[in-house]
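Coordinates from query_32.cif are shown below (mmCIF, C-alpha atoms and all ligand atoms).
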data_work
loop_
_atom_site.label_atom_id
_atom_site.label_comp_id
_atom_site.auth_asym_id
_atom_site.auth_seq_id
_atom_site.Cartn_x
_atom_site.Cartn_y
_atom_site.Cartn_z
CA MET A 7 -167.05 -73.49 76.48
CA ILE A 8 -165.18 -76.71 75.77
CA ALA A 9 -166.13 -78.76 72.70
CA LEU A 10 -165.10 -82.40 72.72
CA VAL A 11 -164.68 -83.84 69.24
CA ARG A 12 -163.28 -87.07 67.85
CA GLU A 13 -161.42 -87.50 64.59
CA ILE A 14 -162.96 -89.23 61.62
CA SER A 15 -162.07 -92.93 61.76
CA PRO A 16 -159.89 -94.26 58.91
CA ASN A 17 -162.69 -96.78 58.22
CA ILE A 18 -165.52 -94.24 58.12
CA SER A 19 -166.72 -95.92 54.94
CA ASP A 20 -167.83 -98.83 57.20
CA ALA A 21 -169.98 -96.55 59.36
CA LEU A 22 -173.45 -97.79 60.28
CA ARG A 23 -176.16 -96.57 57.91
CA ARG A 24 -179.89 -97.01 57.77
CA THR A 25 -179.83 -97.37 54.00
CA ASP A 26 -177.28 -98.13 51.32
CA ALA A 27 -179.03 -95.96 48.74
CA ASP A 28 -176.26 -93.30 48.72
CA PRO A 29 -172.57 -93.90 48.08
CA ARG A 30 -170.50 -94.73 51.16
CA PRO A 31 -168.67 -91.79 52.79
CA ASP A 32 -165.31 -90.83 51.35
CA LEU A 33 -162.54 -90.58 53.97
CA ALA A 34 -160.71 -87.55 52.58
CA GLY A 35 -163.93 -85.63 52.06
CA ALA A 36 -165.23 -86.50 55.54
CA ARG A 37 -161.93 -85.32 57.04
CA ARG A 38 -162.18 -82.01 55.18
CA GLU A 39 -165.73 -81.50 56.41
CA HIS A 40 -164.69 -82.35 59.96
CA ALA A 41 -161.74 -79.93 59.84
CA ALA A 42 -164.07 -77.13 58.72
CA TYR A 43 -166.45 -78.03 61.56
CA VAL A 44 -163.66 -77.81 64.14
CA ALA A 45 -162.50 -74.47 62.68
CA ALA A 46 -166.05 -73.14 62.91
CA LEU A 47 -166.35 -74.18 66.57
CA ARG A 48 -163.06 -72.38 67.29
CA SER A 49 -164.25 -69.28 65.44
CA LEU A 50 -167.16 -69.16 67.90
CA GLY A 51 -164.78 -69.22 70.87
CA ALA A 52 -165.02 -72.92 71.80
CA ALA A 53 -161.89 -74.57 73.20
CA VAL A 54 -161.81 -77.70 71.08
CA GLN A 55 -160.42 -80.84 72.71
CA VAL A 56 -159.81 -83.83 70.47
CA VAL A 57 -160.52 -87.20 72.11
CA PRO A 58 -158.34 -90.06 70.78
CA GLY A 59 -160.10 -92.30 68.25
CA ASP A 60 -161.52 -95.76 68.87
CA PRO A 61 -159.94 -98.29 66.48
CA SER A 62 -162.84 -100.67 67.04
CA SER A 63 -165.55 -98.25 65.89
CA ALA A 64 -165.99 -96.65 62.48
CA ASP A 65 -168.55 -94.31 64.09
CA ALA A 66 -166.45 -92.85 66.92
CA CYS A 67 -166.49 -89.34 65.39
CA PHE A 68 -170.20 -89.19 66.34
CA ILE A 69 -169.20 -88.41 69.89
CA GLU A 70 -172.52 -86.85 70.87
CA ASP A 71 -174.03 -90.32 71.22
CA THR A 72 -171.68 -91.37 74.03
CA ALA A 73 -172.52 -88.88 76.79
CA VAL A 74 -175.26 -86.51 77.92
CA VAL A 75 -174.05 -83.60 80.02
CA GLY A 76 -176.20 -81.27 82.10
CA GLY A 77 -175.58 -79.37 85.32
CA HIS A 78 -172.87 -81.23 87.21
CA THR A 79 -173.68 -84.62 85.72
CA ALA A 80 -172.47 -86.67 82.75
CA LEU A 81 -174.43 -89.74 81.79
CA LEU A 82 -172.22 -92.22 79.92
CA THR A 83 -174.58 -93.96 77.59
CA ARG A 84 -174.98 -97.54 76.44
CA SER A 85 -175.56 -97.19 72.73
CA GLY A 86 -178.46 -98.88 71.05
CA ALA A 87 -175.87 -99.98 68.47
CA PRO A 88 -173.88 -102.79 70.18
CA GLY A 89 -170.81 -102.16 67.99
CA ARG A 90 -170.51 -98.61 69.35
CA ARG A 91 -170.40 -99.44 73.05
CA THR A 92 -166.61 -99.26 73.39
CA GLU A 93 -166.67 -95.58 72.39
CA VAL A 94 -167.56 -94.31 75.87
CA CYS A 95 -164.25 -95.36 77.48
CA GLU A 96 -162.06 -92.59 76.05
CA VAL A 97 -164.86 -90.06 76.31
CA GLU A 98 -165.22 -90.79 80.03
CA ARG A 99 -161.47 -90.10 80.45
CA ALA A 100 -161.75 -86.80 78.60
CA LEU A 101 -164.61 -85.39 80.66
CA PRO A 102 -163.58 -82.84 83.28
CA GLY A 103 -163.19 -84.09 86.86
CA TRP A 104 -165.94 -81.84 88.23
CA LEU A 105 -168.64 -83.78 86.40
CA ARG A 106 -170.37 -86.53 88.38
CA ARG A 107 -170.37 -89.69 86.23
CA VAL A 108 -173.41 -91.94 85.88
CA VAL A 109 -172.78 -95.10 83.84
CA MET A 110 -175.69 -96.67 82.00
CA ARG A 111 -176.01 -100.45 82.34
CA ALA A 112 -177.95 -103.18 80.47
CA PRO A 113 -180.75 -103.47 79.59
CA ALA A 114 -180.86 -99.68 79.20
CA THR A 115 -179.90 -98.21 75.83
CA LEU A 116 -179.69 -94.57 74.84
CA ASP A 117 -177.83 -92.55 72.20
CA GLY A 118 -177.04 -88.91 72.95
CA GLY A 119 -178.49 -88.00 69.55
CA ASP A 120 -181.88 -88.70 71.08
CA VAL A 121 -181.51 -86.10 73.82
CA LEU A 122 -182.54 -82.57 72.96
CA ARG A 123 -181.88 -80.13 75.76
CA VAL A 124 -183.95 -76.94 75.84
CA GLY A 125 -183.24 -74.97 79.00
CA ARG A 126 -183.98 -77.29 81.89
CA THR A 127 -186.02 -79.76 79.81
CA LEU A 128 -184.59 -82.86 78.18
CA PHE A 129 -186.73 -84.11 75.30
CA VAL A 130 -185.73 -87.69 74.65
CA GLY A 131 -186.52 -89.75 71.58
CA ARG A 132 -187.89 -93.24 72.07
CA SER A 133 -186.21 -94.68 69.01
CA GLU A 134 -184.47 -97.66 67.50
CA ARG A 135 -181.46 -96.70 69.70
CA THR A 136 -183.10 -95.50 72.93
CA ASN A 137 -185.41 -97.70 75.01
CA ASP A 138 -187.71 -97.06 77.97
CA VAL A 139 -185.15 -98.25 80.51
CA GLY A 140 -182.64 -95.80 79.03
CA ILE A 141 -185.18 -93.02 79.37
CA ASP A 142 -185.71 -93.95 83.04
CA VAL A 143 -181.96 -93.86 83.67
CA LEU A 144 -181.78 -90.44 82.02
CA ARG A 145 -184.57 -89.24 84.32
CA GLN A 146 -182.88 -90.63 87.43
CA ALA A 147 -179.55 -89.06 86.45
CA PHE A 148 -180.87 -85.58 85.72
CA SER A 149 -183.90 -85.08 87.99
CA PRO A 150 -181.61 -84.21 90.94
CA GLU A 151 -180.12 -81.48 88.70
CA GLY A 152 -183.58 -79.93 88.21
CA PHE A 153 -184.16 -81.27 84.68
CA THR A 154 -187.52 -82.54 83.48
CA VAL A 155 -187.46 -85.43 81.01
CA ARG A 156 -190.10 -85.65 78.28
CA PRO A 157 -190.19 -88.66 75.92
CA VAL A 158 -190.98 -88.15 72.22
CA GLU A 159 -191.72 -90.96 69.73
CA VAL A 160 -189.20 -91.08 66.87
CA ARG A 161 -190.25 -92.69 63.63
CA ASP A 162 -188.52 -92.73 60.25
CA ALA A 163 -185.29 -91.33 61.62
CA LEU A 164 -182.27 -92.56 63.54
CA HIS A 165 -182.49 -90.07 66.40
CA LEU A 166 -184.71 -87.27 67.68
CA LYS A 167 -182.08 -84.68 66.82
CA CYS A 168 -181.84 -85.80 63.19
CA HIS A 169 -184.63 -83.34 62.50
CA ALA A 170 -184.80 -81.11 65.60
CA SER A 171 -182.34 -78.99 67.53
CA ALA A 172 -182.19 -76.10 69.97
CA VAL A 173 -181.08 -72.58 69.15
CA GLY A 174 -180.32 -71.19 72.59
CA ASP A 175 -182.83 -71.87 75.35
CA GLU A 176 -185.80 -70.26 73.61
CA ARG A 177 -186.02 -71.64 70.09
CA VAL A 178 -186.27 -75.06 68.52
CA LEU A 179 -185.78 -75.85 64.84
CA LEU A 180 -188.11 -78.69 63.86
CA ALA A 181 -188.56 -80.33 60.47
CA HIS A 182 -192.19 -80.03 59.39
CA GLY A 183 -194.11 -83.26 60.04
CA PHE A 184 -191.38 -84.88 62.15
CA ALA A 185 -193.01 -84.31 65.55
CA ASP A 186 -195.96 -82.39 66.90
CA PRO A 187 -194.66 -78.84 67.41
CA ARG A 188 -197.06 -78.43 70.36
CA ILE A 189 -194.77 -80.55 72.55
CA PHE A 190 -192.54 -77.48 72.79
CA ASP A 191 -195.39 -75.00 73.37
CA ASP A 192 -194.64 -74.06 76.95
CA ILE A 193 -190.86 -74.21 76.52
CA ALA A 194 -189.69 -72.65 73.27
CA GLU A 195 -190.69 -70.94 70.05
CA VAL A 196 -190.74 -73.53 67.26
CA ILE A 197 -189.27 -72.67 63.88
CA GLU A 198 -190.69 -75.19 61.44
CA VAL A 199 -188.27 -76.21 58.72
CA HIS A 200 -189.46 -76.95 55.19
CA PRO A 201 -189.33 -80.72 54.44
CA ASP A 202 -186.83 -80.05 51.62
CA GLU A 203 -184.43 -78.76 54.28
CA ALA A 204 -185.21 -81.32 57.01
CA TYR A 205 -181.54 -82.28 57.40
CA ALA A 206 -180.71 -78.66 58.27
CA ALA A 207 -183.08 -78.68 61.26
CA ASN A 208 -180.03 -80.06 63.03
CA VAL A 209 -177.80 -77.09 63.91
CA VAL A 210 -175.19 -76.26 66.56
CA ALA A 211 -175.75 -72.87 68.19
CA ILE A 212 -173.12 -71.14 70.31
CA GLY A 213 -174.22 -67.68 71.33
CA ARG A 214 -175.34 -65.86 68.17
CA GLY A 215 -173.30 -68.11 65.89
CA VAL A 216 -175.04 -71.13 64.39
CA LEU A 217 -173.45 -73.93 62.37
CA VAL A 218 -175.87 -74.84 59.57
CA ALA A 219 -175.59 -77.56 56.91
CA ARG A 220 -174.99 -76.03 53.48
CA GLY A 221 -177.87 -76.26 51.01
CA ALA A 222 -180.65 -74.97 53.25
CA PRO A 223 -181.20 -71.36 52.20
CA ARG A 224 -184.54 -71.00 54.03
CA VAL A 225 -183.06 -72.05 57.36
CA ALA A 226 -180.04 -69.77 56.90
CA ARG A 227 -182.26 -66.80 55.93
CA HIS A 228 -184.57 -67.36 58.87
CA LEU A 229 -181.73 -67.49 61.36
CA SER A 230 -180.13 -64.35 59.89
CA ALA A 231 -183.43 -62.49 60.09
CA ALA A 232 -183.73 -63.54 63.75
CA GLY A 233 -180.34 -61.96 64.47
CA PHE A 234 -178.14 -65.05 64.35
CA GLU A 235 -175.01 -65.55 62.26
CA PRO A 236 -175.20 -68.79 60.28
CA ILE A 237 -171.92 -70.47 59.37
CA LEU A 238 -172.57 -72.81 56.44
CA LEU A 239 -170.77 -76.15 56.44
CA SER A 240 -170.64 -78.89 53.82
CA MET A 241 -171.87 -82.16 55.27
CA THR A 242 -172.15 -84.41 52.21
CA GLU A 243 -169.79 -87.18 53.33
CA ILE A 244 -170.72 -87.07 57.00
CA ALA A 245 -174.42 -87.28 56.07
CA ARG A 246 -173.58 -90.43 54.08
CA ALA A 247 -172.63 -91.99 57.44
CA ASP A 248 -176.00 -90.80 58.86
CA GLY A 249 -174.18 -88.06 60.78
CA SER A 250 -175.23 -84.47 61.25
CA LEU A 251 -173.83 -81.37 62.95
CA THR A 252 -174.71 -81.96 66.60
CA CYS A 253 -173.40 -85.51 66.61
CA LEU A 254 -169.81 -84.36 65.98
CA SER A 255 -169.33 -82.71 69.38
CA ILE A 256 -170.23 -82.63 73.04
CA LEU A 257 -170.42 -79.06 74.29
CA LEU A 258 -169.40 -78.66 77.90
CA PRO A 259 -170.60 -75.52 79.59
CA GLU A 260 -168.59 -73.78 82.30
CA PRO A 261 -169.10 -75.51 85.65
CA GLU A 262 -172.31 -74.27 87.28
CA LYS A 263 -171.74 -72.65 90.65
CA PRO A 264 -173.66 -74.26 93.50
CA SER A 265 -176.57 -72.03 94.50
CA PRO A 266 -175.90 -69.96 97.61
CA PRO A 267 -177.70 -71.13 100.76
CA SER A 268 -181.14 -69.56 101.00
CA PRO A 269 -181.54 -66.90 103.71
CA VAL A 270 -183.06 -68.11 106.98
C1 LIG B 301 -174.71 -94.49 63.61
O1 LIG B 301 -175.53 -95.08 62.90
O2 LIG B 301 -174.61 -94.70 64.82
C2 LIG B 301 -173.77 -93.49 62.97
N1 LIG B 301 -173.45 -93.93 61.67
C3 LIG B 301 -174.40 -92.12 62.91
C4 LIG B 301 -174.64 -91.53 64.27
C5 LIG B 301 -175.15 -90.13 64.20
N2 LIG B 301 -175.32 -89.62 65.51
C6 LIG B 301 -176.04 -88.55 65.78
O3 LIG B 301 -176.62 -87.96 64.90
N3 LIG B 301 -176.13 -88.18 67.05
#
As structure tokens, what does this structure read like?
Amino acid sequence: MIALVREISPNISDALRRTDADPRPDLAGARREHAAYVAALRSLGAAVQVVPGDPSSADACFIEDTAVVGGHTALLTRSGAPGRRTEVCEVERALPGWLRRVVMRAPATLDGGDVLRVGRTLFVGRSERTNDVGIDVLRQAFSPEGFTVRPVEVRDALHLKCHASAVGDERVLLAHGFADPRIFDDIAEVIEVHPDEAYAANVVAIGRGVLVARGAPRVARHLSAAGFEPILLSMTEIARADGSLTCLSILLPEPEKPSPPSPV
């Protein structure tokens, strides 16, 4: 698996934030956290590829928002944050040639942080960043690949994945009270996360290894008991820029082989 990441911008302290209640992120600390994240991805066997930064965006490290990849398709998004729209250019260049590109145009908006893939289903947050036209474009891009798109209302959070993420194709971590767990009923087992640990409902799973934000002992214990190996990462500074674990990478699976022709 290839993991695309993007370095922390020198002006990370200017990152977009929903509230100014917490201190602004500290550059050195954010860089340390990012380096540990990259090391953890490598320890799980990912080939990490660093995409050059974007001098015009303090938020470029949150690469997940720029592209949604599934099957043989990459959807290059049009962020709901106008100041982040230049970020897709370098990401497009870094994507492997075998991916078919679909470029989102106005008036559609969508951030990759709103797209939660579970097997062949894409749950998509209708949020302050992702509008109905964006959801339609997502559907048009991925229906030919055999994906079903299911919209989910997002309230009181930036993105759907702020408080929900997939662990493999069969489990979803979901912060209690964030969304109705029944939306996943026919797709995945839902592990409800205690509200005190809502931030840690966002994890990155690669095989049995799972990156988990430090400070969420219940989540870590649950994953261990289910046979996974949590790797705990400090996320204090990155969280101060409203970032979480998934938003720091785009995971590219091996190219899917075309299905063999069916027998006549
Ligand atoms: C923003 O507001 O766009 C960034 N400061 C944070 C983006 C986080 N992205 C994500 O969780 N997918």
Inset, instruction - May I ask you to write as a ChimeraX atom specification all residues lying at most 9 Å from ligand LIG 301 (chain B), with only C-alpha atoms and all ligand atoms counted? - result: /A:18,20-24,64-72,85-87,89-90,117-121,135,164-168,208,244-254
Inset, instruction - Record the distance separating CA of Glu159 in chain A and CA of Leu82 in chain A, expressed in Å with one decimal. - result: 22.0 Å
Legend entry - Pick from A:Arg84, A:Glu13, A:Thr79, A:Asp60, whichever lies nearest to Gly103 in chain A using all atoms listed in the file: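 Answer, going by the shortest atom-to-atom distance: A:Thr79.
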Legend entry - Best match for closeness to Ala80 in chain A among A:His182, A:Arg188, A:Arg227, A:Arg107, counting only C-alpha atoms: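 Looking at the shortest contact to Ala80 in chain A, the residue is A:Arg107.
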Inset, instruction - Measure the distance from CA of Thr154 in chain A to CA of Arg126 in chain A in Å and round it to one decimal. - result: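 Result for CA of Thr154 in chain A versus CA of Arg126 in chain A: 6.5 Å, one decimal.
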Inset, instruction - May I have the protein, DNA and RNA residues with an atom at most 10 Å from (-176.5, -77.8, 52.0), counting all atoms listed in the file in the file's coordinates, returned as a PyMOL selection string? - result: chain A and resi 203+205-206+218-223+238-242
Since we have the selection now, will you write its residues out, keeping C-alpha atoms, as a PDB file, in the frame of the given file?
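What landed in part_28.pdb:
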ATOM      1  CA  GLU A 203    -184.430 -78.760  54.280  1.00  0.00           C
ATOM      2  CA  TYR A 205    -181.540 -82.280  57.400  1.00  0.00           C
ATOM      3  CA  ALA A 206    -180.710 -78.660  58.270  1.00  0.00           C
ATOM      4  CA  VAL A 218    -175.870 -74.840  59.570  1.00  0.00           C
ATOM      5  CA  ALA A 219    -175.590 -77.560  56.910  1.00  0.00           C
ATOM      6  CA  ARG A 220    -174.990 -76.030  53.480  1.00  0.00           C
ATOM      7  CA  GLY A 221    -177.870 -76.260  51.010  1.00  0.00           C
ATOM      8  CA  ALA A 222    -180.650 -74.970  53.250  1.00  0.00           C
ATOM      9  CA  PRO A 223    -181.200 -71.360  52.200  1.00  0.00           C
ATOM     10  CA  LEU A 238    -172.570 -72.810  56.440  1.00  0.00           C
ATOM     11  CA  LEU A 239    -170.770 -76.150  56.440  1.00  0.00           C
ATOM     12  CA  SER A 240    -170.640 -78.890  53.820  1.00  0.00           C
ATOM     13  CA  MET A 241    -171.870 -82.160  55.270  1.00  0.00           C
ATOM     14  CA  THR A 242    -172.150 -84.410  52.210  1.00  0.00           C
TER      15      THR A 242
END
Inset, instruction - Write out as a ChimeraX atom specification each polymer residue whose atoms come within 12 Å of Ser149 in chain A, counting only C-alpha atoms; drop sequence neighbours fewer than 6 positions from it. - result: /A:76-79,126-128,141-143,155-156
Go ahead and fit an axis-aligned box to every listed atom of range 54-69 of chain A plus 6 Å each side, and pass me the centre and edge lengths in Å, one decimal, as JSON.
{"center_x": -164.3, "center_y": -89.2, "center_z": 67.6, "size_x": 23.9, "size_y": 35.0, "size_z": 22.2}
Legend entry - Length of the CA of Pro157 in chain A to CA of Glu260 in chain A vector [Å]: 27.0 Å
Inset, instruction - Considering all atoms listed in the file, state which residue in the set A:Arg99, A:Asp175, A:Arg37, A:Gly213 is at the smallest distance from Ala52 in chain A. - result: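 So, comparing all the options, the nearest one is A:Gly213.
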Inset, instruction - Please identify all polymer residues lying at most 9 Å from the point (-184.3, -75.9, 64.6) (file coordinates), using all atoms listed in the file, and present the result as a VMD selection string. - result: chain A and resid 169 to 173 177 to 181 196 to 199 206 to 209 225
Inset, instruction - Determine the nearest neighbour of Pro259 in chain A from the options A:Val54, A:Ile189, A:Met7, A:Val44, counting only C-alpha atoms. - result: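 Closest to Pro259 in chain A, using only C-alpha atoms: A:Met7.
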Legend entry - A:Asp186, A:Val57, A:Ala194, A:Ala100 ranked by distance to Arg123 in chain A, top pick (using only C-alpha atoms):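 Result for the nearest residue to Arg123 in chain A: A:Ala194.
If all atoms listed in the file are the atoms counted, then among A:Ala9, A:Glu195, A:Gly233, A:Phe184 the closest residue to Gly51 in chain A is A:Ala9.
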Legend entry - Ala147 in chain A surroundings by only C-alpha atoms, 7 Å radius, close-in-sequence under 3 positions cut, as a PyMOL selection string: chain A and resi 81+108+143-144+150
Can you give me N, CA, C and O atoms for range 112-130 of chain A, written as an mmCIF file, in the coordinates of the input?
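File produced: result_13.cif:
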data_model
loop_
_atom_site.group_PDB
_atom_site.id
_atom_site.type_symbol
_atom_site.label_atom_id
_atom_site.label_comp_id
_atom_site.auth_asym_id
_atom_site.auth_seq_id
_atom_site.Cartn_x
_atom_site.Cartn_y
_atom_site.Cartn_z
ATOM 1 N N ALA A 112 -176.901 -102.378 81.127
ATOM 2 C CA ALA A 112 -177.950 -103.180 80.470
ATOM 3 C C ALA A 112 -179.102 -103.384 81.449
ATOM 4 O O ALA A 112 -178.852 -103.487 82.652
ATOM 5 N N PRO A 113 -180.327 -103.422 80.987
ATOM 6 C CA PRO A 113 -180.750 -103.470 79.590
ATOM 7 C C PRO A 113 -181.023 -102.078 79.001
ATOM 8 O O PRO A 113 -181.591 -101.994 77.910
ATOM 9 N N ALA A 114 -180.601 -101.030 79.709
ATOM 10 C CA ALA A 114 -180.860 -99.680 79.200
ATOM 11 C C ALA A 114 -180.059 -99.427 77.930
ATOM 12 O O ALA A 114 -178.908 -99.850 77.828
ATOM 13 N N THR A 115 -180.656 -98.733 76.974
ATOM 14 C CA THR A 115 -179.900 -98.210 75.830
ATOM 15 C C THR A 115 -180.331 -96.772 75.590
ATOM 16 O O THR A 115 -181.501 -96.416 75.796
ATOM 17 N N LEU A 116 -179.390 -95.968 75.183
ATOM 18 C CA LEU A 116 -179.690 -94.570 74.840
ATOM 19 C C LEU A 116 -178.532 -94.018 74.014
ATOM 20 O O LEU A 116 -177.373 -94.296 74.311
ATOM 21 N N ASP A 117 -178.846 -93.281 72.976
ATOM 22 C CA ASP A 117 -177.830 -92.550 72.200
ATOM 23 C C ASP A 117 -178.029 -91.063 72.479
ATOM 24 O O ASP A 117 -179.182 -90.575 72.489
ATOM 25 N N GLY A 118 -176.936 -90.354 72.666
ATOM 26 C CA GLY A 118 -177.040 -88.910 72.950
ATOM 27 C C GLY A 118 -177.776 -88.144 71.865
ATOM 28 O O GLY A 118 -178.360 -87.095 72.134
ATOM 29 N N GLY A 119 -177.772 -88.671 70.643
ATOM 30 C CA GLY A 119 -178.490 -88.000 69.550
ATOM 31 C C GLY A 119 -179.986 -87.964 69.769
ATOM 32 O O GLY A 119 -180.702 -87.242 69.070
ATOM 33 N N ASP A 120 -180.449 -88.726 70.758
ATOM 34 C CA ASP A 120 -181.880 -88.700 71.080
ATOM 35 C C ASP A 120 -182.221 -87.685 72.160
ATOM 36 O O ASP A 120 -183.384 -87.572 72.538
ATOM 37 N N VAL A 121 -181.233 -87.001 72.690
ATOM 38 C CA VAL A 121 -181.510 -86.100 73.820
ATOM 39 C C VAL A 121 -181.377 -84.645 73.365
ATOM 40 O O VAL A 121 -180.292 -84.192 73.015
ATOM 41 N N LEU A 122 -182.488 -83.971 73.375
ATOM 42 C CA LEU A 122 -182.540 -82.570 72.960
ATOM 43 C C LEU A 122 -182.785 -81.727 74.200
ATOM 44 O O LEU A 122 -183.852 -81.782 74.813
ATOM 45 N N ARG A 123 -181.773 -80.949 74.556
ATOM 46 C CA ARG A 123 -181.880 -80.130 75.760
ATOM 47 C C ARG A 123 -182.387 -78.743 75.387
ATOM 48 O O ARG A 123 -181.808 -78.069 74.534
ATOM 49 N N VAL A 124 -183.459 -78.315 76.030
ATOM 50 C CA VAL A 124 -183.950 -76.940 75.840
ATOM 51 C C VAL A 124 -184.117 -76.366 77.238
ATOM 52 O O VAL A 124 -185.030 -76.747 77.968
ATOM 53 N N GLY A 125 -183.202 -75.485 77.630
ATOM 54 C CA GLY A 125 -183.240 -74.970 79.000
ATOM 55 C C GLY A 125 -183.106 -76.139 79.962
ATOM 56 O O GLY A 125 -182.185 -76.948 79.879
ATOM 57 N N ARG A 126 -184.060 -76.244 80.862
ATOM 58 C CA ARG A 126 -183.980 -77.290 81.890
ATOM 59 C C ARG A 126 -184.868 -78.491 81.520
ATOM 60 O O ARG A 126 -185.238 -79.281 82.374
ATOM 61 N N THR A 127 -185.221 -78.613 80.249
ATOM 62 C CA THR A 127 -186.020 -79.760 79.810
ATOM 63 C C THR A 127 -185.193 -80.626 78.862
ATOM 64 O O THR A 127 -184.530 -80.103 77.961
ATOM 65 N N LEU A 128 -185.251 -81.922 79.090
ATOM 66 C CA LEU A 128 -184.590 -82.860 78.180
ATOM 67 C C LEU A 128 -185.678 -83.625 77.426
ATOM 68 O O LEU A 128 -186.386 -84.454 78.017
ATOM 69 N N PHE A 129 -185.835 -83.316 76.152
ATOM 70 C CA PHE A 129 -186.730 -84.110 75.300
ATOM 71 C C PHE A 129 -185.913 -85.323 74.872
ATOM 72 O O PHE A 129 -184.763 -85.171 74.451
ATOM 73 N N VAL A 130 -186.508 -86.494 74.990
ATOM 74 C CA VAL A 130 -185.730 -87.690 74.650
ATOM 75 C C VAL A 130 -186.510 -88.565 73.687
ATOM 76 O O VAL A 130 -187.673 -88.894 73.927
#
